[in-house]
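Coordinates from target_1.txt are shown below (compact mmCIF, C-alpha atoms).
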# COMPACT_ATOMS: atom_id res chain seq x y z
CA MET A 3 -16.13 14.95 4.81
CA THR A 4 -15.18 11.67 3.14
CA ILE A 5 -11.84 9.98 3.82
CA THR A 6 -10.82 6.59 2.47
CA VAL A 7 -8.47 4.45 4.56
CA GLU A 8 -6.60 1.79 2.59
CA ASP A 9 -5.23 -0.40 5.38
CA ARG A 10 -4.44 -3.61 3.46
CA PRO A 11 -2.98 -2.35 0.15
CA GLN A 12 -2.32 -5.68 -1.56
CA ALA A 13 0.13 -4.52 -4.24
CA LEU A 14 2.21 -2.68 -1.63
CA LEU A 15 2.16 -5.67 0.72
CA GLU A 16 3.48 -7.88 -2.08
CA LEU A 17 6.40 -5.52 -2.63
CA LEU A 18 7.20 -5.30 1.08
CA TRP A 19 7.26 -9.09 1.34
CA LEU A 20 9.49 -9.40 -1.73
CA ARG A 21 12.01 -6.92 -0.42
CA GLU A 22 12.54 -8.83 2.81
CA ALA A 23 11.90 -12.44 1.85
CA HIS A 24 14.37 -12.18 -1.04
CA GLY A 25 16.80 -9.82 0.70
CA LEU A 26 16.57 -7.14 -1.98
CA ASP A 27 18.94 -4.20 -1.73
CA ALA A 28 16.54 -1.44 -2.75
CA ALA A 29 17.77 2.14 -2.61
CA GLY A 30 16.12 5.51 -2.97
CA GLU A 31 14.59 8.41 -1.09
CA GLY A 32 11.42 8.05 0.96
CA LEU A 33 11.40 4.26 0.94
CA PRO A 34 9.44 2.57 3.73
CA PRO A 35 11.16 1.08 6.78
CA MET A 36 11.33 -2.66 7.30
CA LEU A 37 8.29 -4.71 8.27
CA VAL A 38 7.09 -5.02 11.86
CA ASP A 39 6.52 -8.73 11.27
CA PRO A 40 9.31 -9.87 8.92
CA PRO A 41 8.64 -12.91 6.76
CA ALA A 42 10.77 -16.02 6.62
CA SER A 43 13.22 -16.11 3.75
CA ALA A 44 11.63 -17.23 0.50
CA GLU A 45 11.59 -21.01 0.17
CA ASP A 46 12.67 -20.71 -3.46
CA PRO A 47 15.41 -18.04 -3.41
CA VAL A 48 16.45 -16.42 -6.67
CA ASP A 49 20.00 -16.37 -8.01
CA ASP A 50 22.30 -13.39 -7.54
CA ALA A 51 21.66 -11.95 -11.00
CA THR A 52 17.89 -12.03 -10.51
CA ARG A 53 18.19 -10.54 -7.04
CA GLU A 54 20.30 -7.71 -8.49
CA SER A 55 17.73 -7.10 -11.24
CA TRP A 56 14.87 -7.15 -8.75
CA SER A 57 16.73 -4.82 -6.38
CA ALA A 58 17.32 -2.31 -9.19
CA ALA A 59 13.62 -2.32 -10.16
CA TRP A 60 12.04 -2.41 -6.70
CA SER A 61 12.15 1.32 -5.84
CA ARG A 62 10.74 2.35 -9.21
CA ILE A 63 7.87 -0.14 -8.99
CA TRP A 64 7.24 0.85 -5.36
CA SER A 65 6.85 4.50 -6.40
CA GLU A 66 4.47 3.58 -9.22
CA VAL A 67 2.33 1.37 -7.00
CA VAL A 68 2.23 3.92 -4.17
CA ALA A 69 1.12 6.62 -6.60
CA HIS A 70 -1.67 4.42 -7.97
CA THR A 71 -2.78 3.24 -4.52
CA ALA A 72 -2.95 6.84 -3.35
CA ALA A 73 -4.95 8.01 -6.37
CA GLU A 74 -8.70 8.49 -6.23
CA LEU A 75 -10.89 5.92 -7.94
CA ASP A 76 -11.03 6.41 -11.71
CA GLN A 77 -14.82 6.40 -11.93
CA THR A 78 -14.79 6.56 -15.74
CA ALA A 79 -12.67 3.42 -15.97
CA PHE A 80 -14.78 1.70 -13.32
CA ASP A 81 -18.05 2.47 -15.10
CA GLY A 82 -16.58 1.53 -18.48
CA ALA A 83 -15.31 -1.82 -17.22
CA LEU A 84 -18.82 -2.68 -16.01
CA ALA A 85 -20.58 -1.47 -19.15
CA GLN A 86 -22.20 -4.29 -21.13
CA GLU A 87 -21.29 -2.71 -24.45
CA ALA A 88 -17.54 -2.75 -23.68
CA SER A 89 -15.59 -5.25 -25.75
CA PRO A 90 -13.26 -7.71 -23.97
CA ALA A 91 -10.24 -5.70 -25.19
CA GLU A 92 -11.71 -2.42 -23.95
CA ARG A 93 -12.62 -4.02 -20.63
CA GLU A 94 -9.05 -5.31 -20.23
CA ILE A 95 -7.59 -1.83 -20.83
CA LEU A 96 -9.98 -0.26 -18.32
CA LEU A 97 -9.28 -2.94 -15.70
CA ARG A 98 -5.54 -2.32 -16.09
CA ARG A 99 -6.18 1.38 -15.42
CA LEU A 100 -8.09 0.47 -12.28
CA ILE A 101 -5.54 -2.06 -11.00
CA GLY A 102 -2.45 -0.02 -11.85
CA SER A 103 1.12 -1.28 -11.96
CA THR A 104 2.10 -4.39 -10.03
CA TRP A 105 5.26 -6.42 -9.56
CA SER A 106 3.71 -9.22 -11.61
CA ASP A 107 3.40 -6.98 -14.69
CA GLU A 108 7.16 -6.93 -15.02
CA PHE A 109 8.39 -10.08 -13.32
CA GLY A 110 5.40 -12.43 -13.20
CA ALA A 111 3.56 -13.77 -10.17
CA GLU A 112 5.67 -16.88 -9.61
CA ALA A 113 7.55 -15.36 -6.66
CA PHE A 114 4.33 -15.29 -4.63
CA ASP A 115 3.78 -19.03 -4.96
CA ASP A 116 5.83 -19.50 -1.82
CA ASP A 117 4.98 -20.78 1.65
CA SER A 118 6.82 -17.81 3.18
CA TYR A 119 4.42 -15.45 1.40
CA ARG A 120 1.32 -17.46 2.28
CA ASP A 121 2.32 -17.70 5.95
CA TRP A 122 3.16 -14.00 6.16
CA GLN A 123 -0.12 -13.05 4.46
CA ARG A 124 -2.09 -15.24 6.87
CA ARG A 125 -0.40 -13.63 9.88
CA GLY A 126 -1.08 -10.18 8.46
CA VAL A 127 -4.77 -10.87 7.94
CA GLU A 128 -5.07 -12.29 11.46
CA ALA A 129 -3.25 -9.30 13.01
CA HIS A 130 -5.40 -6.88 11.01
CA ALA A 131 -8.59 -8.57 12.18
CA ALA A 132 -7.40 -8.61 15.80
CA ASN A 133 -6.62 -4.88 15.69
CA MET A 134 -9.89 -3.82 14.09
CA SER A 135 -11.60 -1.37 16.39
CA THR A 136 -15.19 -2.26 17.23
CA ALA A 137 -15.89 1.04 19.01
CA LEU A 138 -16.26 4.21 16.94
CA MET A 139 -14.50 6.17 19.67
CA ASP A 140 -11.38 3.99 19.24
CA ASN A 141 -11.20 4.57 15.48
CA PRO A 142 -8.11 6.70 14.70
CA GLU A 143 -10.06 8.95 12.34
CA HIS A 144 -12.75 9.54 14.95
CA ARG A 145 -10.19 9.95 17.71
CA ASP A 146 -8.23 12.59 15.76
CA VAL A 147 -11.13 14.06 13.78
CA SER A 148 -10.08 17.68 14.28
CA ALA A 149 -6.62 17.17 12.71
CA LEU A 150 -8.19 14.96 10.04
CA ALA A 151 -10.76 17.61 9.14
CA ASP A 152 -8.04 20.26 8.85
CA ALA A 153 -6.05 17.99 6.52
CA TRP A 154 -9.22 17.26 4.51
CA ARG A 155 -9.73 21.00 4.03
CA ARG A 156 -6.21 21.09 2.57
CA GLY A 157 -7.10 18.30 0.11
CA LEU A 158 -6.57 15.00 1.94
CA THR A 159 -8.98 12.30 0.74
CA LYS A 160 -7.06 9.06 1.36
CA VAL A 161 -4.84 7.54 4.04
CA VAL A 162 -2.79 4.48 3.07
CA THR A 163 -1.20 2.40 5.82
CA ILE A 164 1.65 -0.10 5.70
CA PRO A 165 2.76 -2.59 8.40
CA CYS A 166 6.29 -1.19 8.72
CA ARG A 167 8.34 -0.11 11.74
CA GLY A 168 8.58 3.37 13.09
CA PRO A 169 7.16 6.83 12.50
CA HIS A 170 7.25 6.84 8.72
CA ALA A 171 4.79 9.25 7.06
CA ARG A 172 4.86 11.01 3.71
CA GLN A 173 2.47 12.84 1.45
CA VAL A 174 1.74 11.20 -1.90
CA GLY A 175 0.47 13.60 -4.52
CA SER A 176 -2.20 16.15 -3.71
CA HIS A 177 -4.69 13.96 -1.89
CA ALA A 178 -3.04 11.10 0.03
CA LEU A 179 -0.92 10.35 3.05
CA LEU A 180 1.14 7.16 3.43
CA VAL A 181 1.78 6.19 7.07
CA THR A 182 2.84 3.15 9.02
CA ASP A 183 0.25 1.35 11.12
CA GLU A 184 2.24 2.56 14.15
CA VAL A 185 1.69 6.20 13.19
CA ARG A 186 -2.04 5.74 12.68
CA ALA A 187 -2.39 3.89 15.99
CA ASP A 188 -0.64 6.60 18.00
CA SER A 189 -2.70 9.77 18.37
CA ALA A 190 0.21 12.20 18.73
CA MET A 191 2.08 10.76 15.73
CA TYR A 192 -1.06 10.59 13.60
CA ARG A 193 -1.99 14.20 14.37
CA ALA A 194 1.55 15.28 13.49
CA ALA A 195 1.37 13.38 10.19
CA LEU A 196 -2.03 14.90 9.40
CA ASP A 197 -0.75 18.36 10.31
CA SER A 198 2.16 17.87 7.90
CA PHE A 199 -0.22 17.36 4.96
CA ALA A 200 -0.01 20.40 2.72
CA SER A 201 -2.17 21.73 -0.10
CA ARG A 202 -0.61 21.33 -3.53
CA PRO A 203 -1.61 23.07 -6.77
Now that the file is in, can you turn its structure into structure tokens?
Amino acid sequence: MTITVEDRPQALLELLWLREAHGLDAAGEGLPPMLVDPPASAEDPVDDATRESWSAAWSRIWSEVVAHTAAELDQTAFDGALAQEASPAEREILLRRLIGSTWSDEFGAEAFDDDSYRDWQRRGVEAHAANMSTALMDNPEHRDVSALADAWRRGLTKVVTIPCRGPHARQVGSHALLVTDEVRADSAMYRAALDSFASRP
């Protein structure tokens, strides 16, 4: 049994910061709850028209990034990007397939050049390091291995976690489960989320 746990999904973290630091009014079904550790407001706030444009695009980009983060590694693209015979143009196309959609593709990366983002990222890395389990027995996947194995038999290969509040969990595609850190940390909630994972054709 092989399960990948993506517990610092960078492209998703960027979107979560943007939503709160810029006060975006994103709407849609299945969106994640607010962050456990909210960032300070962006030091360089955008104007109302930009905020409205960003709010309208946020849910769509979130869905695209979640789908890519949840997907299994495209081994063909990975191998091709490393191949010596690949041209720079071919390598660029393959790398884009590997990276997937990001906020920066559509709106640029300027928003992340902000002290609010850097401070929030630093706190997140520190909290992640502090919560890393050193004992195998304390690892959520080891702790709840029976429920995990059952979900794996139904097709689960990846768990993606986000640092948001509450018991948010949803299946993404045929092979992934998106959960909050809170769900993964709590055995009863994690088992319930794993039990909810269903086989899909």
Applying 9 Å and only C-alpha atoms, which residues near stretch 173-180 of chain A remain after dropping the ones on its own chain fewer than 2 positions away? List them as a PDB file with C-alpha atoms, in the coordinates of the input.
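What ended up in selection38.pdb:
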ATOM      1  CA  VAL A  68       2.230   3.920  -4.170  1.00  0.00           C
ATOM      2  CA  ALA A  69       1.120   6.620  -6.600  1.00  0.00           C
ATOM      3  CA  ALA A  72      -2.950   6.840  -3.350  1.00  0.00           C
ATOM      4  CA  ALA A  73      -4.950   8.010  -6.370  1.00  0.00           C
ATOM      5  CA  GLU A  74      -8.700   8.490  -6.230  1.00  0.00           C
ATOM      6  CA  TRP A 154      -9.220  17.260   4.510  1.00  0.00           C
ATOM      7  CA  ARG A 156      -6.210  21.090   2.570  1.00  0.00           C
ATOM      8  CA  GLY A 157      -7.100  18.300   0.110  1.00  0.00           C
ATOM      9  CA  LEU A 158      -6.570  15.000   1.940  1.00  0.00           C
ATOM     10  CA  THR A 159      -8.980  12.300   0.740  1.00  0.00           C
ATOM     11  CA  LYS A 160      -7.060   9.060   1.360  1.00  0.00           C
ATOM     12  CA  VAL A 161      -4.840   7.540   4.040  1.00  0.00           C
ATOM     13  CA  VAL A 162      -2.790   4.480   3.070  1.00  0.00           C
ATOM     14  CA  THR A 163      -1.200   2.400   5.820  1.00  0.00           C
ATOM     15  CA  ILE A 164       1.650  -0.100   5.700  1.00  0.00           C
ATOM     16  CA  HIS A 170       7.250   6.840   8.720  1.00  0.00           C
ATOM     17  CA  ALA A 171       4.790   9.250   7.060  1.00  0.00           C
ATOM     18  CA  THR A 182       2.840   3.150   9.020  1.00  0.00           C
ATOM     19  CA  ALA A 195       1.370  13.380  10.190  1.00  0.00           C
ATOM     20  CA  LEU A 196      -2.030  14.900   9.400  1.00  0.00           C
ATOM     21  CA  SER A 198       2.160  17.870   7.900  1.00  0.00           C
ATOM     22  CA  PHE A 199      -0.220  17.360   4.960  1.00  0.00           C
ATOM     23  CA  ALA A 200      -0.010  20.400   2.720  1.00  0.00           C
ATOM     24  CA  SER A 201      -2.170  21.730  -0.100  1.00  0.00           C
ATOM     25  CA  ARG A 202      -0.610  21.330  -3.530  1.00  0.00           C
ATOM     26  CA  PRO A 203      -1.610  23.070  -6.770  1.00  0.00           C
TER      27      PRO A 203
END
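Atom CA of A:Gln123 is found 23.3 Å from atom CA of A:Arg62.
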Between A:Thr4, A:Ser189, A:Ser89, A:Ser55, which is the closest to A:His24 once you count all atoms listed in the file? A:Ser55
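These residues, each with an atom at most 6 Å from (15.1, -0.7, -2.0) using all atoms listed in the file, are Asp27, Ala28, Ala29, Trp60 and Ser61 of chain A.
With distances taken over only C-alpha atoms, A:Trp64 is the one residue among A:Tyr192, A:Trp64, A:Trp19, A:Trp56 lying closest to A:Thr104.
From atom CA of A:Phe109 back to atom CA of A:Asp49, the distance works out to 14.2 Å.
Interatomic distance, atom CA of A:Leu15 to atom CA of A:Ser118: 13.2 Å.
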Measuring between only C-alpha atoms, which one of A:Pro165, A:Gly110, A:Pro142, A:Gly25 shows the shortest distance to A:Arg186? A:Pro142
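Ranking A:Pro34, A:Ala190, A:Asn141, A:Asp117 by their shortest atom-to-atom distance to A:Pro47, with all atoms listed in the file included, puts A:Asp117 first.
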Using all atoms listed in the file, can you list as a ChimeraX atom specification the residues within 8 Å of (3.4, 0.8, -15.4)? /A:63,66,102-104,107
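Candidate residues A:Pro11, A:Pro35, A:Gly126, A:Gly30 were compared for distance to A:Pro169, and the nearest is A:Pro35, using only C-alpha atoms.
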Counting all atoms listed in the file, the option among A:Asp140, A:Asp197, A:Phe114, A:Ser106 closest to A:Arg155: A:Asp197
As a PyMOL selection string, please: the residues near A:Asp116 (cut-off 12 Å, all atoms listed in the file, same-chain neighbours under 4 positions excluded). chain A and resi 16+19-20+23-24+41-47+111-112+120-123
